[in-house]
>>> print(open('input21.txt').read())   # compact mmCIF, C-alpha atoms and all ligand atoms
# COMPACT_ATOMS: atom_id res chain seq x y z
CA MET A 323 30.07 96.61 189.22
CA LYS A 324 28.77 98.33 186.13
CA THR A 325 31.16 100.16 183.80
CA ALA A 326 30.18 102.41 180.91
CA LEU A 327 32.53 101.85 177.97
CA ILE A 328 32.80 104.75 175.56
CA SER A 329 35.09 105.05 172.54
CA ASP A 330 35.81 107.02 169.38
CA ILE A 331 34.39 110.36 170.46
CA HIS A 332 36.31 112.16 167.71
CA GLY A 333 35.76 115.71 168.89
CA ASN A 334 31.97 115.41 168.75
CA LEU A 335 30.80 117.34 171.82
CA GLU A 336 27.06 117.04 171.13
CA ALA A 337 27.34 113.24 171.04
CA LEU A 338 29.62 113.08 174.09
CA GLN A 339 27.35 115.25 176.23
CA THR A 340 24.33 113.15 175.22
CA VAL A 341 26.13 109.93 176.16
CA LEU A 342 27.43 111.27 179.49
CA ALA A 343 23.93 112.45 180.44
CA ASP A 344 22.58 108.96 179.67
CA ILE A 345 25.34 107.32 181.75
CA ARG A 346 24.39 109.52 184.70
CA GLU A 347 20.72 108.69 184.21
CA GLN A 348 21.54 104.97 184.11
CA GLN A 349 23.51 105.49 187.34
CA VAL A 350 26.61 103.70 186.05
CA PRO A 351 29.33 104.40 188.62
CA ARG A 352 32.38 104.11 186.37
CA ILE A 353 33.36 105.26 182.88
CA PHE A 354 36.21 103.89 180.78
CA CYS A 355 37.18 105.58 177.52
CA LEU A 356 38.83 103.37 174.88
CA GLY A 357 40.46 106.19 172.92
CA ASP A 358 40.15 108.50 169.93
CA ILE A 359 38.88 111.44 171.94
CA VAL A 360 40.00 113.77 169.13
CA GLY A 361 40.30 113.73 165.32
CA TYR A 362 37.65 114.43 162.63
CA GLY A 363 35.36 116.49 164.88
CA PRO A 364 35.08 120.22 165.63
CA ASN A 365 35.47 120.25 169.44
CA PRO A 366 38.73 118.48 170.39
CA ARG A 367 39.51 120.77 173.35
CA GLU A 368 36.05 120.57 174.86
CA CYS A 369 35.90 116.78 174.44
CA LEU A 370 39.29 116.36 176.09
CA ASP A 371 38.21 118.53 179.02
CA GLU A 372 35.01 116.49 179.38
CA VAL A 373 36.89 113.16 179.29
CA ILE A 374 39.46 114.40 181.82
CA ARG A 375 36.57 115.39 184.10
CA SER A 376 34.29 112.40 183.63
CA CYS A 377 36.26 109.25 182.81
CA ASP A 378 37.84 106.99 185.39
CA PHE A 379 40.27 105.42 182.93
CA THR A 380 41.28 106.31 179.37
CA ILE A 381 43.26 104.42 176.70
CA LEU A 382 45.27 106.00 173.85
CA GLY A 383 43.63 105.85 170.40
CA ASN A 384 45.38 106.13 167.04
CA HIS A 385 44.03 109.65 166.44
CA ASP A 386 45.14 110.75 169.92
CA GLU A 387 48.56 109.33 169.11
CA ALA A 388 48.64 111.08 165.71
CA THR A 389 47.94 114.40 167.42
CA LEU A 390 50.97 113.85 169.66
CA PHE A 391 53.41 112.26 167.23
CA ASP A 392 53.95 111.82 163.48
CA PRO A 393 50.72 110.50 161.92
CA ASP A 394 51.15 107.24 160.06
CA GLY A 395 48.75 105.62 157.59
CA PHE A 396 46.15 108.39 157.56
CA ASN A 397 44.20 109.34 154.42
CA PRO A 398 44.38 113.02 153.31
CA VAL A 399 41.04 113.98 154.93
CA ALA A 400 42.01 112.40 158.26
CA LEU A 401 45.52 113.86 158.07
CA GLN A 402 44.25 117.38 157.52
CA ALA A 403 41.94 116.91 160.52
CA VAL A 404 44.93 115.74 162.62
CA TYR A 405 46.89 118.91 161.80
CA TRP A 406 43.88 121.11 162.51
CA THR A 407 43.30 119.30 165.83
CA ARG A 408 46.94 119.79 166.79
CA ASP A 409 46.64 123.53 166.05
CA GLN A 410 43.55 123.73 168.24
CA LEU A 411 45.40 122.13 171.14
CA GLU A 412 48.44 124.33 170.60
CA GLN A 413 46.41 127.52 170.73
CA ALA A 414 46.78 128.05 174.44
CA GLY A 415 44.67 131.22 174.34
CA SER A 416 44.21 132.81 177.72
CA ASN A 417 44.48 129.54 179.57
CA ALA A 418 47.93 128.00 179.15
CA THR A 419 47.47 125.82 182.23
CA GLN A 420 44.46 124.08 180.72
CA ALA A 421 46.26 123.64 177.37
CA ASN A 422 49.23 122.02 179.15
CA LYS A 423 46.87 119.81 181.14
CA ARG A 424 45.39 118.46 177.88
CA TRP A 425 48.82 117.71 176.38
CA ASP A 426 49.97 116.06 179.61
CA PHE A 427 46.81 113.94 179.72
CA LEU A 428 47.22 112.79 176.10
CA GLY A 429 50.93 112.14 176.57
CA GLU A 430 50.36 109.88 179.56
CA LEU A 431 47.59 107.69 178.13
CA PRO A 432 48.39 103.95 178.25
CA ARG A 433 47.83 101.67 175.23
CA GLN A 434 46.02 99.01 177.19
CA HIS A 435 44.61 98.23 180.58
CA SER A 436 43.78 94.95 182.25
CA GLU A 437 41.66 94.22 185.24
CA ASP A 438 41.29 90.60 186.43
CA ASN A 439 40.38 88.70 183.25
CA LEU A 440 39.30 91.80 181.32
CA LEU A 441 41.41 93.58 178.73
CA PHE A 442 40.73 97.10 177.43
CA VAL A 443 42.34 98.39 174.21
CA HIS A 444 41.57 100.80 171.37
CA GLY A 445 42.27 98.47 168.42
CA SER A 446 43.01 94.85 169.24
CA ALA A 447 44.67 92.66 171.86
CA ARG A 448 47.48 92.06 169.35
CA GLU A 449 48.11 95.66 168.29
CA PRO A 450 46.40 97.75 170.97
CA THR A 451 46.42 101.09 169.15
CA ASN A 452 46.26 100.38 165.43
CA GLU A 453 44.83 97.00 164.45
CA TYR A 454 41.24 96.91 163.15
CA VAL A 455 39.05 93.92 163.94
CA PHE A 456 36.22 94.13 161.42
CA PRO A 457 33.03 92.01 161.41
CA GLU A 458 34.22 90.29 158.20
CA ASP A 459 37.32 89.09 160.06
CA VAL A 460 35.19 86.19 161.29
CA TYR A 461 36.18 84.71 157.90
CA LYS A 462 39.89 85.20 158.71
CA ARG A 463 40.34 82.53 161.33
CA PRO A 464 44.14 82.78 161.75
CA LYS A 465 43.81 86.50 162.48
CA LEU A 466 41.00 86.09 165.01
CA GLU A 467 42.64 83.05 166.61
CA ALA A 468 45.88 84.99 167.11
CA ILE A 469 43.93 87.81 168.74
CA PHE A 470 41.83 85.49 170.93
CA ASN A 471 45.08 83.81 172.08
CA ARG A 472 46.08 87.10 173.70
CA VAL A 473 42.81 87.44 175.62
CA THR A 474 42.19 85.75 178.97
CA GLN A 475 38.40 86.14 178.94
CA TYR A 476 36.89 89.30 177.48
CA CYS A 477 38.51 92.09 175.49
CA PHE A 478 36.78 95.45 175.08
CA GLN A 479 37.78 97.49 172.05
CA GLY A 480 36.74 100.25 169.63
CA HIS A 481 38.51 101.64 166.53
CA THR A 482 36.22 100.28 163.77
CA HIS A 483 33.21 102.26 165.05
CA ILE A 484 31.10 99.11 164.48
CA PRO A 485 29.58 97.76 167.71
CA GLY A 486 29.06 94.07 168.36
CA VAL A 487 30.42 90.88 169.89
CA PHE A 488 32.96 88.51 168.32
CA THR A 489 32.23 85.10 169.80
CA HIS A 490 34.80 82.36 170.25
CA ASP A 491 33.10 80.28 167.55
CA PHE A 492 33.82 83.00 164.96
CA ASP A 493 30.50 84.75 164.82
CA PHE A 494 29.83 88.50 164.98
CA ILE A 495 26.62 89.54 166.73
CA THR A 496 25.39 93.09 166.08
CA PRO A 497 23.39 95.03 168.72
CA ASP A 498 20.34 94.71 166.45
CA GLU A 499 20.67 90.93 166.32
CA CYS A 500 20.74 90.55 170.11
CA ASP A 501 18.14 93.24 170.84
CA TYR A 502 20.84 95.43 172.44
CA GLU A 503 21.50 92.97 175.29
CA PHE A 504 24.11 90.22 175.21
CA GLN A 505 24.94 87.69 177.89
CA LEU A 506 28.64 86.87 177.83
CA GLY A 507 29.40 83.27 178.80
CA SER A 508 32.38 81.22 179.93
CA GLU A 509 33.97 81.36 176.45
CA LYS A 510 36.22 84.20 175.38
CA ALA A 511 34.70 87.18 173.57
CA LEU A 512 35.83 90.42 171.92
CA VAL A 513 33.40 93.27 172.45
CA ASN A 514 33.39 96.32 170.21
CA VAL A 515 31.72 99.03 172.27
CA GLY A 516 30.79 101.22 169.28
CA SER A 517 31.50 104.88 168.61
CA VAL A 518 30.18 107.89 170.50
CA GLY A 519 31.02 110.51 167.90
CA GLN A 520 31.12 108.84 164.48
CA PRO A 521 29.09 105.61 164.25
CA ARG A 522 29.75 103.61 161.07
CA ASP A 523 27.14 100.85 161.18
CA GLU A 524 24.58 102.88 159.22
CA ASP A 525 22.85 103.91 162.43
CA PRO A 526 23.69 107.59 163.05
CA ARG A 527 22.80 107.36 166.73
CA SER A 528 25.63 107.61 169.21
CA CYS A 529 26.69 104.28 170.71
CA TYR A 530 28.24 103.08 173.96
CA THR A 531 28.15 99.90 176.03
CA ILE A 532 27.45 99.09 179.67
CA PHE A 533 29.19 96.01 181.10
CA ASP A 534 28.13 94.46 184.39
CA SER A 535 31.07 92.52 185.84
CA GLU A 536 28.82 90.65 188.30
CA THR A 537 26.47 89.18 185.67
CA ASN A 538 28.72 89.51 182.56
CA GLN A 539 25.76 91.14 180.87
CA LEU A 540 26.33 93.69 178.08
CA GLN A 541 23.97 96.44 177.12
CA PHE A 542 24.44 98.42 173.91
CA ARG A 543 22.95 101.91 174.21
CA ARG A 544 21.99 103.98 171.14
CA LEU A 545 21.15 107.65 171.53
CA SER A 546 19.95 110.28 169.11
CA TYR A 547 21.90 113.51 169.38
CA ALA A 548 22.06 116.83 167.51
CA TYR A 549 24.26 115.65 164.62
CA ASP A 550 23.00 118.54 162.46
CA GLU A 551 24.68 120.90 164.90
CA THR A 552 27.98 118.94 164.81
CA ALA A 553 27.86 118.80 161.00
CA ARG A 554 27.17 122.54 160.83
CA LYS A 555 30.31 123.22 162.87
CA ILE A 556 32.35 120.90 160.61
CA TYR A 557 31.09 122.65 157.45
CA SER A 558 32.17 126.02 158.92
CA ILE A 559 35.78 124.85 159.47
CA GLU A 560 37.75 124.90 156.24
CA GLN A 561 40.30 122.29 157.32
CA LEU A 562 37.63 119.74 158.21
CA HIS A 563 36.33 118.16 154.99
CA ASP A 564 32.56 118.39 154.45
CA SER A 565 32.37 114.60 154.11
CA LEU A 566 33.12 114.42 157.85
CA GLY A 567 29.82 116.18 158.49
CA ASP A 568 27.90 114.23 155.86
CA ARG A 569 28.95 110.87 157.30
CA LEU A 570 27.51 111.71 160.74
CA LYS A 571 24.03 111.99 159.24
CA ALA A 572 24.40 108.67 157.44
CA GLY A 573 26.21 106.77 160.22
CA ARG A 574 28.98 105.56 157.95
FE FE B 1 38.29 106.11 165.75
>>> encode(input="input21.txt", output="structure tokens", more="lines below")
Ligand SMILES: [Fe+2]
Amino acid sequence: MKTALISDIHGNLEALQTVLADIREQQVPRIFCLGDIVGYGPNPRECLDEVIRSCDFTILGNHDEATLFDPDGFNPVALQAVYWTRDQLEQAGSNATQANKRWDFLGELPRQHSEDNLLFVHGSAREPTNEYVFPEDVYKRPKLEAIFNRVTQYCFQGHTHIPGVFTHDFDFITPDECDYEFQLGSEKALVNVGSVGQPRDEDPRSCYTIFDSETNQLQFRRLSYAYDETARKIYSIEQLHDSLGDRLKAGR
């Protein structure tokens, strides 16, 4: 069965709608979201509604958690965005039922999910919500070994916004390097599925990954979306720092 793996939407509705349209076009029957639906971006409510409607399974991300509880370890720009996001979700407006539905959904998100030999997290197998696994961690063998030890076969994750595959022999393969298709083998692998709403690998196009559990084939999908429109919305909201719009155009 094919599963579309999306992550790190960060309140970017233009990117999310573009990705969901592509998933429908590719006729992928199932969508898993690996967290960070909100934070940074201008449309947290709309993105939550879309995820509630479209995703078959969703994991809690660190920004989702920060919106619910006391934020920890956030820089001032991210922190201000957390408080603004929280205000947006608290403004029930005319539809209190929908506002409660969003809070309930966020409050019930699990930190990880496993299915046969597959693990799904936001950050890492070791610290599901908060640990970053960066490409340069291939040079930190004890760290990667400890993480691999917690994985049965494949672990799908997000959080860094940098798509690619960590192989068991301590290599990191970017989508570019494998021509957007990667055949997973019998060895363990960690797969970063990329970011829908705030890519940071210097490619501003939205990213998600399709995994076929019958062939163990991965496909990284990159899609242009109207990031000018998202940036324009960010610039018009005082509490969202302009750099959050600028970075969308640069993919960093
Ligand atoms: Fe994120």
>>> residues_around(input="input21.txt", residues="Ala468 (chain A)", least_positions_apart="4", cutoff="12 Å", atoms="only C-alpha atoms", output="VMD selection string")
chain A and resid 446 to 449 455 459 462 to 464 472 to 473 490
>>> closest_atom_pairs(input="input21.txt", of="region 464-498 of chain A", to="region 502-506 of chain A", cutoff="10 Å", atoms="all atoms listed in the file", output="CSV")
residue,atom,partner,partner_atom,distance
A:Gln475,CA,A:Leu506,CA,9.9
A:Tyr476,CA,A:Leu506,CA,8.6
A:Gly486,CA,A:Tyr502,CA,9.3
A:Val487,CA,A:Phe504,CA,8.3
A:Thr489,CA,A:Leu506,CA,9.0
A:Ile495,CA,A:Phe504,CA,8.9
A:Thr496,CA,A:Tyr502,CA,8.2
A:Pro497,CA,A:Tyr502,CA,4.5
A:Asp498,CA,A:Tyr502,CA,6.1
>>> closest_residue(input="input21.txt", among="A:Thr407, A:Gly363, A:Arg424, A:Cys377", to="Ile345 (chain A)", atoms="all atoms listed in the file")
A:Cys377
>>> closest_residue(input="input21.txt", among="A:Ser329, A:Gln479, A:Thr552, A:Ser508", to="ligand FE 1 (chain B)", atoms="only C-alpha atoms and all ligand atoms")
A:Ser329
>>> residues_around(input="input21.txt", residues="Asp491 (chain A)", least_positions_apart="5", cutoff="12 Å", atoms="only C-alpha atoms", output="list in words")
Val460, Tyr461, Arg463, Leu466, Glu467, Phe470, Glu509, Lys510, Ala511 and Leu512 of chain A
>>> residues_around(input="input21.txt", residues="Asp394 (chain A)", least_positions_apart="3", cutoff="12 Å", atoms="all atoms listed in the file", output="JSON, numbers by chain")
{"A": [384, 385, 387, 388, 389, 390, 391, 397, 398, 400, 401, 404, 451, 452]}
>>> residues_near_ligand(input="input21.txt", ligand="ligand FE 1 (chain B)", cutoff="12 Å", atoms="only C-alpha atoms and all ligand atoms", output="PyMOL selection string")
chain A and resi 328-334+355-363+382-388+396+400+444-445+451-454+479-484+514-522
>>> write_last_selection(input="input21.txt", atoms="C-alpha atoms", output="compact mmCIF listing (two decimals), in the frame of the given file")
# COMPACT_ATOMS: atom_id res chain seq x y z
CA ILE A 328 32.80 104.75 175.56
CA SER A 329 35.09 105.05 172.54
CA ASP A 330 35.81 107.02 169.38
CA ILE A 331 34.39 110.36 170.46
CA HIS A 332 36.31 112.16 167.71
CA GLY A 333 35.76 115.71 168.89
CA ASN A 334 31.97 115.41 168.75
CA CYS A 355 37.18 105.58 177.52
CA LEU A 356 38.83 103.37 174.88
CA GLY A 357 40.46 106.19 172.92
CA ASP A 358 40.15 108.50 169.93
CA ILE A 359 38.88 111.44 171.94
CA VAL A 360 40.00 113.77 169.13
CA GLY A 361 40.30 113.73 165.32
CA TYR A 362 37.65 114.43 162.63
CA GLY A 363 35.36 116.49 164.88
CA LEU A 382 45.27 106.00 173.85
CA GLY A 383 43.63 105.85 170.40
CA ASN A 384 45.38 106.13 167.04
CA HIS A 385 44.03 109.65 166.44
CA ASP A 386 45.14 110.75 169.92
CA GLU A 387 48.56 109.33 169.11
CA ALA A 388 48.64 111.08 165.71
CA PHE A 396 46.15 108.39 157.56
CA ALA A 400 42.01 112.40 158.26
CA HIS A 444 41.57 100.80 171.37
CA GLY A 445 42.27 98.47 168.42
CA THR A 451 46.42 101.09 169.15
CA ASN A 452 46.26 100.38 165.43
CA GLU A 453 44.83 97.00 164.45
CA TYR A 454 41.24 96.91 163.15
CA GLN A 479 37.78 97.49 172.05
CA GLY A 480 36.74 100.25 169.63
CA HIS A 481 38.51 101.64 166.53
CA THR A 482 36.22 100.28 163.77
CA HIS A 483 33.21 102.26 165.05
CA ILE A 484 31.10 99.11 164.48
CA ASN A 514 33.39 96.32 170.21
CA VAL A 515 31.72 99.03 172.27
CA GLY A 516 30.79 101.22 169.28
CA SER A 517 31.50 104.88 168.61
CA VAL A 518 30.18 107.89 170.50
CA GLY A 519 31.02 110.51 167.90
CA GLN A 520 31.12 108.84 164.48
CA PRO A 521 29.09 105.61 164.25
CA ARG A 522 29.75 103.61 161.07
>>> closest_residue(input="input21.txt", among="A:Gln348, A:Gln339, A:Thr419, A:Gln410", to="Ser376 (chain A)", atoms="only C-alpha atoms")
A:Gln339
>>> atom_distance(input="input21.txt", atom1="CA of Asp344 (chain A)", atom2="CA of Arg527 (chain A)")
13.0 Å
>>> atom_distance(input="input21.txt", atom1="CA of Tyr557 (chain A)", atom2="CA of Ala418 (chain A)")
28.0 Å
>>> atom_distance(input="input21.txt", atom1="CA of Asp426 (chain A)", atom2="CA of Cys529 (chain A)")
27.6 Å
>>> closest_residue(input="input21.txt", among="A:Leu428, A:Trp406, A:Asn471, A:Pro485", to="Pro364 (chain A)", atoms="all atoms listed in the file")
A:Trp406
>>> closest_residue(input="input21.txt", among="A:Val399, A:Asp438, A:Asp371, A:Phe488", to="Leu566 (chain A)", atoms="all atoms listed in the file")
A:Val399
>>> build_atoms(input="input21.txt", residues="region 446-460 of chain A", atoms="N, CA and C atoms", output="PDB file, in the frame of the given file")
ATOM      1  N   SER A 446      43.134  96.294 169.008  1.00  0.00           N
ATOM      2  CA  SER A 446      43.010  94.850 169.240  1.00  0.00           C
ATOM      3  C   SER A 446      43.982  94.416 170.330  1.00  0.00           C
ATOM      4  N   ALA A 447      43.779  93.208 170.832  1.00  0.00           N
ATOM      5  CA  ALA A 447      44.670  92.660 171.860  1.00  0.00           C
ATOM      6  C   ALA A 447      46.078  92.466 171.306  1.00  0.00           C
ATOM      7  N   ARG A 448      46.186  92.301 169.977  1.00  0.00           N
ATOM      8  CA  ARG A 448      47.480  92.060 169.350  1.00  0.00           C
ATOM      9  C   ARG A 448      48.232  93.365 169.092  1.00  0.00           C
ATOM     10  N   GLU A 449      47.531  94.328 168.516  1.00  0.00           N
ATOM     11  CA  GLU A 449      48.110  95.660 168.290  1.00  0.00           C
ATOM     12  C   GLU A 449      47.153  96.675 168.910  1.00  0.00           C
ATOM     13  N   PRO A 450      47.389  97.008 170.185  1.00  0.00           N
ATOM     14  CA  PRO A 450      46.400  97.750 170.970  1.00  0.00           C
ATOM     15  C   PRO A 450      45.938  99.080 170.368  1.00  0.00           C
ATOM     16  N   THR A 451      46.816  99.762 169.638  1.00  0.00           N
ATOM     17  CA  THR A 451      46.420 101.090 169.150  1.00  0.00           C
ATOM     18  C   THR A 451      45.920 101.075 167.712  1.00  0.00           C
ATOM     19  N   ASN A 452      46.486 100.204 166.870  1.00  0.00           N
ATOM     20  CA  ASN A 452      46.260 100.380 165.430  1.00  0.00           C
ATOM     21  C   ASN A 452      45.517  99.274 164.683  1.00  0.00           C
ATOM     22  N   GLU A 453      45.424  98.081 165.249  1.00  0.00           N
ATOM     23  CA  GLU A 453      44.830  97.000 164.450  1.00  0.00           C
ATOM     24  C   GLU A 453      43.294  97.060 164.475  1.00  0.00           C
ATOM     25  N   TYR A 454      42.702  96.962 163.275  1.00  0.00           N
ATOM     26  CA  TYR A 454      41.240  96.910 163.150  1.00  0.00           C
ATOM     27  C   TYR A 454      40.775  95.463 163.235  1.00  0.00           C
ATOM     28  N   VAL A 455      39.709  95.228 163.971  1.00  0.00           N
ATOM     29  CA  VAL A 455      39.050  93.920 163.940  1.00  0.00           C
ATOM     30  C   VAL A 455      37.648  94.149 163.404  1.00  0.00           C
ATOM     31  N   PHE A 456      37.487  93.862 162.106  1.00  0.00           N
ATOM     32  CA  PHE A 456      36.220  94.130 161.420  1.00  0.00           C
ATOM     33  C   PHE A 456      35.286  92.906 161.513  1.00  0.00           C
ATOM     34  N   PRO A 457      33.969  93.145 161.390  1.00  0.00           N
ATOM     35  CA  PRO A 457      33.030  92.010 161.410  1.00  0.00           C
ATOM     36  C   PRO A 457      33.411  90.918 160.414  1.00  0.00           C
ATOM     37  N   GLU A 458      33.887  91.303 159.226  1.00  0.00           N
ATOM     38  CA  GLU A 458      34.220  90.290 158.200  1.00  0.00           C
ATOM     39  C   GLU A 458      35.469  89.478 158.567  1.00  0.00           C
ATOM     40  N   ASP A 459      36.171  89.880 159.621  1.00  0.00           N
ATOM     41  CA  ASP A 459      37.320  89.090 160.060  1.00  0.00           C
ATOM     42  C   ASP A 459      36.923  87.736 160.643  1.00  0.00           C
ATOM     43  N   VAL A 460      35.621  87.534 160.850  1.00  0.00           N
ATOM     44  CA  VAL A 460      35.190  86.190 161.290  1.00  0.00           C
ATOM     45  C   VAL A 460      35.543  85.148 160.214  1.00  0.00           C
TER      46      VAL A 460
END
